[in-house]
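J.: Enclosed is the structure file final-v5.cif (mmCIF, N, CA and C atoms).
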data_upload
#
loop_
_atom_site.label_atom_id
_atom_site.label_comp_id
_atom_site.auth_asym_id
_atom_site.auth_seq_id
_atom_site.Cartn_x
_atom_site.Cartn_y
_atom_site.Cartn_z
N SER A 16 -2.92 23.60 -11.84
CA SER A 16 -2.00 22.48 -11.99
C SER A 16 -2.79 21.20 -12.24
N LEU A 17 -2.11 20.20 -12.75
CA LEU A 17 -2.74 18.91 -13.03
C LEU A 17 -3.29 18.28 -11.76
N LEU A 18 -2.56 18.41 -10.68
CA LEU A 18 -2.99 17.82 -9.41
C LEU A 18 -4.31 18.38 -8.94
N SER A 19 -4.43 19.68 -8.90
CA SER A 19 -5.68 20.31 -8.46
C SER A 19 -6.83 19.99 -9.40
N THR A 20 -6.56 19.99 -10.70
CA THR A 20 -7.59 19.67 -11.68
C THR A 20 -8.11 18.26 -11.49
N CYS A 21 -7.21 17.32 -11.25
CA CYS A 21 -7.62 15.92 -11.08
C CYS A 21 -8.39 15.70 -9.78
N THR A 22 -7.97 16.35 -8.71
CA THR A 22 -8.71 16.17 -7.44
C THR A 22 -10.10 16.79 -7.55
N GLU A 23 -10.21 17.93 -8.20
CA GLU A 23 -11.52 18.55 -8.39
C GLU A 23 -12.40 17.68 -9.28
N ALA A 24 -11.82 17.08 -10.31
CA ALA A 24 -12.59 16.20 -11.20
C ALA A 24 -13.08 14.97 -10.45
N LEU A 25 -12.23 14.41 -9.59
CA LEU A 25 -12.63 13.26 -8.79
C LEU A 25 -13.81 13.61 -7.88
N LEU A 26 -13.74 14.75 -7.25
CA LEU A 26 -14.85 15.17 -6.38
C LEU A 26 -16.13 15.40 -7.18
N SER A 27 -16.01 15.92 -8.39
CA SER A 27 -17.21 16.17 -9.19
C SER A 27 -17.86 14.85 -9.63
N CYS A 28 -17.07 13.79 -9.72
CA CYS A 28 -17.62 12.47 -10.09
C CYS A 28 -18.54 11.90 -9.00
N LEU A 29 -18.46 12.44 -7.82
CA LEU A 29 -19.30 11.97 -6.72
C LEU A 29 -20.73 12.49 -6.80
N ALA A 30 -20.97 13.49 -7.63
CA ALA A 30 -22.29 14.12 -7.72
C ALA A 30 -23.34 13.06 -8.01
N PRO A 31 -24.45 13.11 -7.37
CA PRO A 31 -25.01 14.18 -6.55
C PRO A 31 -24.57 14.13 -5.08
N LEU A 32 -23.67 13.21 -4.74
CA LEU A 32 -23.16 13.17 -3.36
C LEU A 32 -22.11 14.24 -3.17
N GLU A 33 -21.81 14.54 -1.92
CA GLU A 33 -20.78 15.52 -1.61
C GLU A 33 -19.74 14.89 -0.71
N TRP A 34 -18.48 15.18 -0.97
CA TRP A 34 -17.39 14.69 -0.13
C TRP A 34 -17.44 15.40 1.21
N GLU A 35 -17.49 14.63 2.28
CA GLU A 35 -17.56 15.20 3.63
C GLU A 35 -16.24 15.04 4.38
N GLY A 36 -15.30 14.32 3.78
CA GLY A 36 -14.00 14.11 4.42
C GLY A 36 -13.09 15.31 4.21
N THR A 37 -11.90 15.20 4.74
CA THR A 37 -10.90 16.25 4.58
C THR A 37 -10.45 16.31 3.13
N TYR A 38 -10.35 17.51 2.59
CA TYR A 38 -9.91 17.70 1.21
C TYR A 38 -8.85 18.80 1.18
N VAL A 39 -7.65 18.42 0.75
CA VAL A 39 -6.55 19.37 0.61
C VAL A 39 -5.96 19.16 -0.78
N PRO A 40 -6.24 20.06 -1.73
CA PRO A 40 -5.76 19.86 -3.11
C PRO A 40 -4.24 19.74 -3.22
N LEU A 41 -3.50 20.53 -2.44
CA LEU A 41 -2.04 20.45 -2.46
C LEU A 41 -1.52 20.62 -1.04
N LEU A 42 -1.11 19.50 -0.46
CA LEU A 42 -0.61 19.48 0.91
C LEU A 42 0.85 19.91 0.91
N PRO A 43 1.20 20.94 1.68
CA PRO A 43 2.59 21.38 1.74
C PRO A 43 3.48 20.29 2.38
N ALA A 44 4.74 20.27 2.00
CA ALA A 44 5.68 19.27 2.50
C ALA A 44 5.74 19.28 4.03
N GLU A 45 5.60 20.45 4.63
CA GLU A 45 5.69 20.56 6.09
C GLU A 45 4.54 19.84 6.80
N LEU A 46 3.46 19.57 6.09
CA LEU A 46 2.28 18.96 6.69
C LEU A 46 2.05 17.52 6.22
N LEU A 47 3.06 16.89 5.63
CA LEU A 47 2.89 15.54 5.10
C LEU A 47 2.50 14.52 6.17
N GLY A 48 2.77 14.79 7.41
CA GLY A 48 2.36 13.90 8.48
C GLY A 48 0.85 13.72 8.56
N TYR A 49 0.11 14.65 7.97
CA TYR A 49 -1.35 14.57 7.97
C TYR A 49 -1.87 13.38 7.18
N ILE A 50 -1.04 12.81 6.29
CA ILE A 50 -1.52 11.66 5.52
C ILE A 50 -1.64 10.40 6.37
N GLU A 51 -1.25 10.49 7.62
CA GLU A 51 -1.43 9.37 8.54
C GLU A 51 -2.71 9.52 9.36
N ALA A 52 -3.53 10.48 8.99
CA ALA A 52 -4.79 10.72 9.71
C ALA A 52 -5.69 9.49 9.65
N PRO A 53 -6.39 9.20 10.74
CA PRO A 53 -7.26 8.01 10.77
C PRO A 53 -8.66 8.27 10.22
N THR A 54 -8.80 9.31 9.43
CA THR A 54 -10.11 9.68 8.88
C THR A 54 -10.04 9.67 7.36
N PRO A 55 -11.18 9.60 6.69
CA PRO A 55 -11.16 9.66 5.22
C PRO A 55 -10.64 11.02 4.74
N PHE A 56 -9.79 10.99 3.73
CA PHE A 56 -9.27 12.25 3.19
C PHE A 56 -8.91 12.08 1.73
N LEU A 57 -8.84 13.21 1.07
CA LEU A 57 -8.31 13.30 -0.29
C LEU A 57 -7.30 14.43 -0.24
N MET A 58 -6.03 14.07 -0.39
CA MET A 58 -4.95 15.05 -0.31
C MET A 58 -4.01 14.86 -1.47
N GLY A 59 -3.59 15.94 -2.04
CA GLY A 59 -2.61 15.90 -3.11
C GLY A 59 -1.28 16.40 -2.59
N THR A 60 -0.20 15.84 -3.12
CA THR A 60 1.14 16.31 -2.77
C THR A 60 2.08 16.06 -3.93
N ARG A 61 3.19 16.73 -3.91
CA ARG A 61 4.18 16.52 -4.97
C ARG A 61 4.97 15.25 -4.67
N ARG A 62 5.29 14.51 -5.73
CA ARG A 62 6.06 13.29 -5.56
C ARG A 62 7.41 13.61 -4.90
N SER A 63 8.03 14.70 -5.30
CA SER A 63 9.34 15.06 -4.75
C SER A 63 9.26 15.29 -3.24
N ASP A 64 8.15 15.86 -2.76
CA ASP A 64 7.98 16.07 -1.32
C ASP A 64 7.82 14.74 -0.60
N LEU A 65 7.07 13.84 -1.20
CA LEU A 65 6.83 12.53 -0.59
C LEU A 65 8.12 11.71 -0.57
N LEU A 66 8.86 11.73 -1.66
CA LEU A 66 10.11 10.95 -1.75
C LEU A 66 11.22 11.54 -0.89
N ALA A 67 11.13 12.81 -0.56
CA ALA A 67 12.15 13.46 0.26
C ALA A 67 12.07 13.04 1.73
N GLN A 68 10.98 12.39 2.11
CA GLN A 68 10.82 11.95 3.49
C GLN A 68 11.78 10.78 3.77
N PRO A 69 12.38 10.75 4.96
CA PRO A 69 13.25 9.62 5.29
C PRO A 69 12.47 8.31 5.21
N ASN A 70 13.13 7.24 4.81
CA ASN A 70 12.50 5.94 4.67
C ASN A 70 11.86 5.52 5.99
N GLY A 71 10.57 5.21 5.94
CA GLY A 71 9.85 4.80 7.13
C GLY A 71 9.30 5.94 7.97
N ALA A 72 9.53 7.19 7.54
CA ALA A 72 9.04 8.33 8.32
C ALA A 72 7.52 8.43 8.26
N LEU A 73 6.93 8.01 7.16
CA LEU A 73 5.48 8.07 7.00
C LEU A 73 4.94 6.67 6.74
N ASP A 74 3.83 6.35 7.38
CA ASP A 74 3.18 5.07 7.16
C ASP A 74 2.18 5.24 6.01
N THR A 75 2.57 4.80 4.83
CA THR A 75 1.71 4.92 3.66
C THR A 75 1.07 3.58 3.28
N GLY A 76 1.21 2.59 4.14
CA GLY A 76 0.72 1.25 3.83
C GLY A 76 -0.77 1.14 3.64
N ALA A 77 -1.55 2.02 4.23
CA ALA A 77 -3.00 1.95 4.12
C ALA A 77 -3.57 2.95 3.13
N LEU A 78 -2.69 3.59 2.36
CA LEU A 78 -3.13 4.63 1.44
C LEU A 78 -3.28 4.12 0.02
N LEU A 79 -4.22 4.69 -0.68
CA LEU A 79 -4.34 4.51 -2.12
C LEU A 79 -3.63 5.70 -2.73
N ILE A 80 -2.52 5.46 -3.40
CA ILE A 80 -1.71 6.54 -3.96
C ILE A 80 -1.80 6.50 -5.48
N VAL A 81 -2.19 7.61 -6.07
CA VAL A 81 -2.30 7.74 -7.52
C VAL A 81 -1.18 8.67 -7.98
N ASP A 82 -0.28 8.15 -8.79
CA ASP A 82 0.82 8.94 -9.34
C ASP A 82 0.40 9.43 -10.72
N LEU A 83 0.05 10.70 -10.82
CA LEU A 83 -0.45 11.27 -12.07
C LEU A 83 0.63 11.36 -13.14
N ASP A 84 1.87 11.55 -12.73
CA ASP A 84 2.95 11.70 -13.71
C ASP A 84 3.27 10.39 -14.40
N TYR A 85 3.22 9.29 -13.67
CA TYR A 85 3.58 7.98 -14.24
C TYR A 85 2.37 7.09 -14.51
N GLY A 86 1.18 7.54 -14.16
CA GLY A 86 -0.01 6.73 -14.38
C GLY A 86 0.01 5.47 -13.54
N ALA A 87 0.55 5.56 -12.34
CA ALA A 87 0.69 4.38 -11.48
C ALA A 87 -0.26 4.48 -10.29
N LEU A 88 -0.67 3.32 -9.82
CA LEU A 88 -1.58 3.23 -8.69
C LEU A 88 -0.97 2.29 -7.66
N THR A 89 -0.82 2.77 -6.43
CA THR A 89 -0.32 1.95 -5.34
C THR A 89 -1.45 1.84 -4.33
N HIS A 90 -1.79 0.62 -3.95
CA HIS A 90 -2.91 0.43 -3.03
C HIS A 90 -2.51 -0.52 -1.91
N PRO A 91 -3.27 -0.49 -0.82
CA PRO A 91 -2.99 -1.41 0.28
C PRO A 91 -3.11 -2.86 -0.20
N THR A 92 -2.37 -3.72 0.43
CA THR A 92 -2.40 -5.13 0.02
C THR A 92 -3.70 -5.81 0.41
N THR A 93 -4.39 -5.28 1.39
CA THR A 93 -5.66 -5.89 1.81
C THR A 93 -6.81 -4.94 1.49
N LEU A 94 -7.42 -5.16 0.37
CA LEU A 94 -8.59 -4.37 -0.02
C LEU A 94 -9.84 -5.18 0.30
N PRO A 95 -10.91 -4.51 0.69
CA PRO A 95 -12.15 -5.26 0.94
C PRO A 95 -12.67 -5.87 -0.35
N PRO A 96 -13.28 -7.03 -0.27
CA PRO A 96 -13.78 -7.65 -1.50
C PRO A 96 -14.97 -6.87 -2.07
N LEU A 97 -15.08 -6.89 -3.37
CA LEU A 97 -16.23 -6.26 -4.02
C LEU A 97 -17.44 -7.18 -3.90
N PRO A 98 -18.63 -6.62 -3.82
CA PRO A 98 -19.81 -7.49 -3.74
C PRO A 98 -20.01 -8.27 -5.04
N ASP A 99 -20.59 -9.42 -4.92
CA ASP A 99 -20.87 -10.27 -6.08
C ASP A 99 -21.93 -9.59 -6.94
N ALA A 100 -21.68 -9.48 -8.22
CA ALA A 100 -22.62 -8.80 -9.13
C ALA A 100 -23.99 -9.45 -9.14
N GLN A 101 -24.10 -10.72 -8.83
CA GLN A 101 -25.39 -11.41 -8.83
C GLN A 101 -26.28 -10.90 -7.70
N HIS A 102 -25.70 -10.29 -6.70
CA HIS A 102 -26.49 -9.80 -5.56
C HIS A 102 -26.87 -8.34 -5.67
N TRP A 103 -26.49 -7.71 -6.76
CA TRP A 103 -26.86 -6.30 -6.95
C TRP A 103 -28.31 -6.23 -7.39
N PRO A 104 -28.98 -5.17 -6.97
CA PRO A 104 -30.40 -5.03 -7.38
C PRO A 104 -30.56 -4.80 -8.87
#
Would you give me this structure, written as structure tokens?
T.:
Amino acid sequence: SLLSTCTEALLSCLAPLEWEGTYVPLLPAELLGYIEAPTPFLMGTRRSDLLAQPNGALDTGALLIVDLDYGALTHPTTLPPLPDAQHWP
């Protein structure tokens, strides 16, 4: 599926580093509560499963959400600032 292919491609972009966080290519609807985990993770889910959750049931405010079908990106309102390019080696 497109979702699995994209998550695998993202992980391969980390080379030569390896992802040490939780990785779930397709999270079942029954386990959507796991997206509130306080640890780094990369999890894929179907939009229909996410939208089927009652409003406010999941705290997605701190998540970076990539919608592959619509090409949309939803991110937290408070992102850390990027370092100034003049200070890079």
J.: Would you work out the distance separating atom CA of Ala52 of chain A from atom N of Thr37 of chain A, expressed in Å to one decimal?
T.: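 Interatomic distance here is 9.8 Å.
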J.: In Å, with one decimal, what is the gap from atom CA of Met58 of chain A to atom CA of Thr22 of chain A?
T.: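 About the pair atom CA of Met58 of chain A and atom CA of Thr22 of chain A: they are 8.1 Å apart.
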J.: Atom CA of Gly59 of chain A to atom CA of Leu18 of chain A: how many Å, to one decimal?
T.: 6.6 Å
J.: Could you check the closest approach to Pro55 of chain A for each of A:Pro96, A:Gly76, A:Gly36, A:Pro31 and tell me which residue wins, using only C-alpha atoms?
T.: A:Gly36
J.: Which residues in chain A does DSSP call strand (DSSP E)? List them as a ChimeraX atom specification.
T.: /A:37-39,56-58,80-82,87-89
J.: Just write the chosen residues, N, CA and C atoms, as a PDB file, in the coordinates of the input.
T.:
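What follows is the written file out-v6.pdb:
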ATOM      1  N   THR A  37     -11.900  15.200   4.740  1.00  0.00           N
ATOM      2  CA  THR A  37     -10.900  16.250   4.580  1.00  0.00           C
ATOM      3  C   THR A  37     -10.450  16.310   3.130  1.00  0.00           C
ATOM      4  N   TYR A  38     -10.350  17.510   2.590  1.00  0.00           N
ATOM      5  CA  TYR A  38      -9.910  17.700   1.210  1.00  0.00           C
ATOM      6  C   TYR A  38      -8.850  18.800   1.180  1.00  0.00           C
ATOM      7  N   VAL A  39      -7.650  18.420   0.750  1.00  0.00           N
ATOM      8  CA  VAL A  39      -6.550  19.370   0.610  1.00  0.00           C
ATOM      9  C   VAL A  39      -5.960  19.160  -0.780  1.00  0.00           C
ATOM     10  N   PHE A  56      -9.790  10.990   3.730  1.00  0.00           N
ATOM     11  CA  PHE A  56      -9.270  12.250   3.190  1.00  0.00           C
ATOM     12  C   PHE A  56      -8.910  12.080   1.730  1.00  0.00           C
ATOM     13  N   LEU A  57      -8.840  13.210   1.070  1.00  0.00           N
ATOM     14  CA  LEU A  57      -8.310  13.300  -0.290  1.00  0.00           C
ATOM     15  C   LEU A  57      -7.300  14.430  -0.240  1.00  0.00           C
ATOM     16  N   MET A  58      -6.030  14.070  -0.390  1.00  0.00           N
ATOM     17  CA  MET A  58      -4.950  15.050  -0.310  1.00  0.00           C
ATOM     18  C   MET A  58      -4.010  14.860  -1.470  1.00  0.00           C
ATOM     19  N   ILE A  80      -2.520   5.460  -3.400  1.00  0.00           N
ATOM     20  CA  ILE A  80      -1.710   6.540  -3.960  1.00  0.00           C
ATOM     21  C   ILE A  80      -1.800   6.500  -5.480  1.00  0.00           C
ATOM     22  N   VAL A  81      -2.190   7.610  -6.070  1.00  0.00           N
ATOM     23  CA  VAL A  81      -2.300   7.740  -7.520  1.00  0.00           C
ATOM     24  C   VAL A  81      -1.180   8.670  -7.980  1.00  0.00           C
ATOM     25  N   ASP A  82      -0.280   8.150  -8.790  1.00  0.00           N
ATOM     26  CA  ASP A  82       0.820   8.940  -9.340  1.00  0.00           C
ATOM     27  C   ASP A  82       0.400   9.430 -10.720  1.00  0.00           C
ATOM     28  N   ALA A  87       0.550   5.560 -12.340  1.00  0.00           N
ATOM     29  CA  ALA A  87       0.690   4.380 -11.480  1.00  0.00           C
ATOM     30  C   ALA A  87      -0.260   4.480 -10.290  1.00  0.00           C
ATOM     31  N   LEU A  88      -0.670   3.320  -9.820  1.00  0.00           N
ATOM     32  CA  LEU A  88      -1.580   3.230  -8.690  1.00  0.00           C
ATOM     33  C   LEU A  88      -0.970   2.290  -7.660  1.00  0.00           C
ATOM     34  N   THR A  89      -0.820   2.770  -6.430  1.00  0.00           N
ATOM     35  CA  THR A  89      -0.320   1.950  -5.340  1.00  0.00           C
ATOM     36  C   THR A  89      -1.450   1.840  -4.330  1.00  0.00           C
TER      37      THR A  89
END
J.: Under the rule that all atoms listed in the file are counted, which of A:Pro98, A:Gly86, A:Phe56, A:Leu73 is the nearest residue to Glu35 of chain A?
T.: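 Checking each of A:Pro98, A:Gly86, A:Phe56, A:Leu73 against Glu35 of chain A, counting all atoms listed in the file, the winner is A:Phe56.
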J.: Pick out the closest residue to Leu25 of chain A from this set: A:Pro40, A:Glu45, A:Asp82, A:Pro69. Count only C-alpha atoms.
T.: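 For Leu25 of chain A, the nearest of the given residues is A:Pro40.
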J.: Please identify which residues in chain A DSSP calls helix (DSSP H, G or I) from the backbone, and express them as number ranges by chain.
T.: A: 17-27, 44-51, 62-66, 100-102
J.: I'd like to see the residues matched by the PyMOL selection byres ((chain A and resi 89-95) around 5) on this file, and ideally I'd get them as a list in words.
T.: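 After applying the PyMOL selection byres ((chain A and resi 89-95) around 5), what remains is Gly76, Leu78, Leu79, Ile80, Ala87, Leu88, Pro96 and Leu97 of chain A.
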J.: I'd like to know which of A:Ser16, A:Glu33, A:Thr75, A:Leu83 is closest to Tyr49 of chain A, using only C-alpha atoms.
T.: A:Thr75
J.: Evaluated on this file, the PyMOL selection byres ((chain A and resi 64) around 8) picks out some residues - which ones are they, written as a ChimeraX atom specification?
T.: /A:43-45,47,60-63,65-68
J.: Using only C-alpha atoms, pick whichever of A:Ala77, A:Gln101, A:Val39, A:Leu17 has the shortest atom-to-atom distance to Leu57 of chain A.
T.: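 That would be A:Val39, the residue with the smallest distance to Leu57 of chain A.
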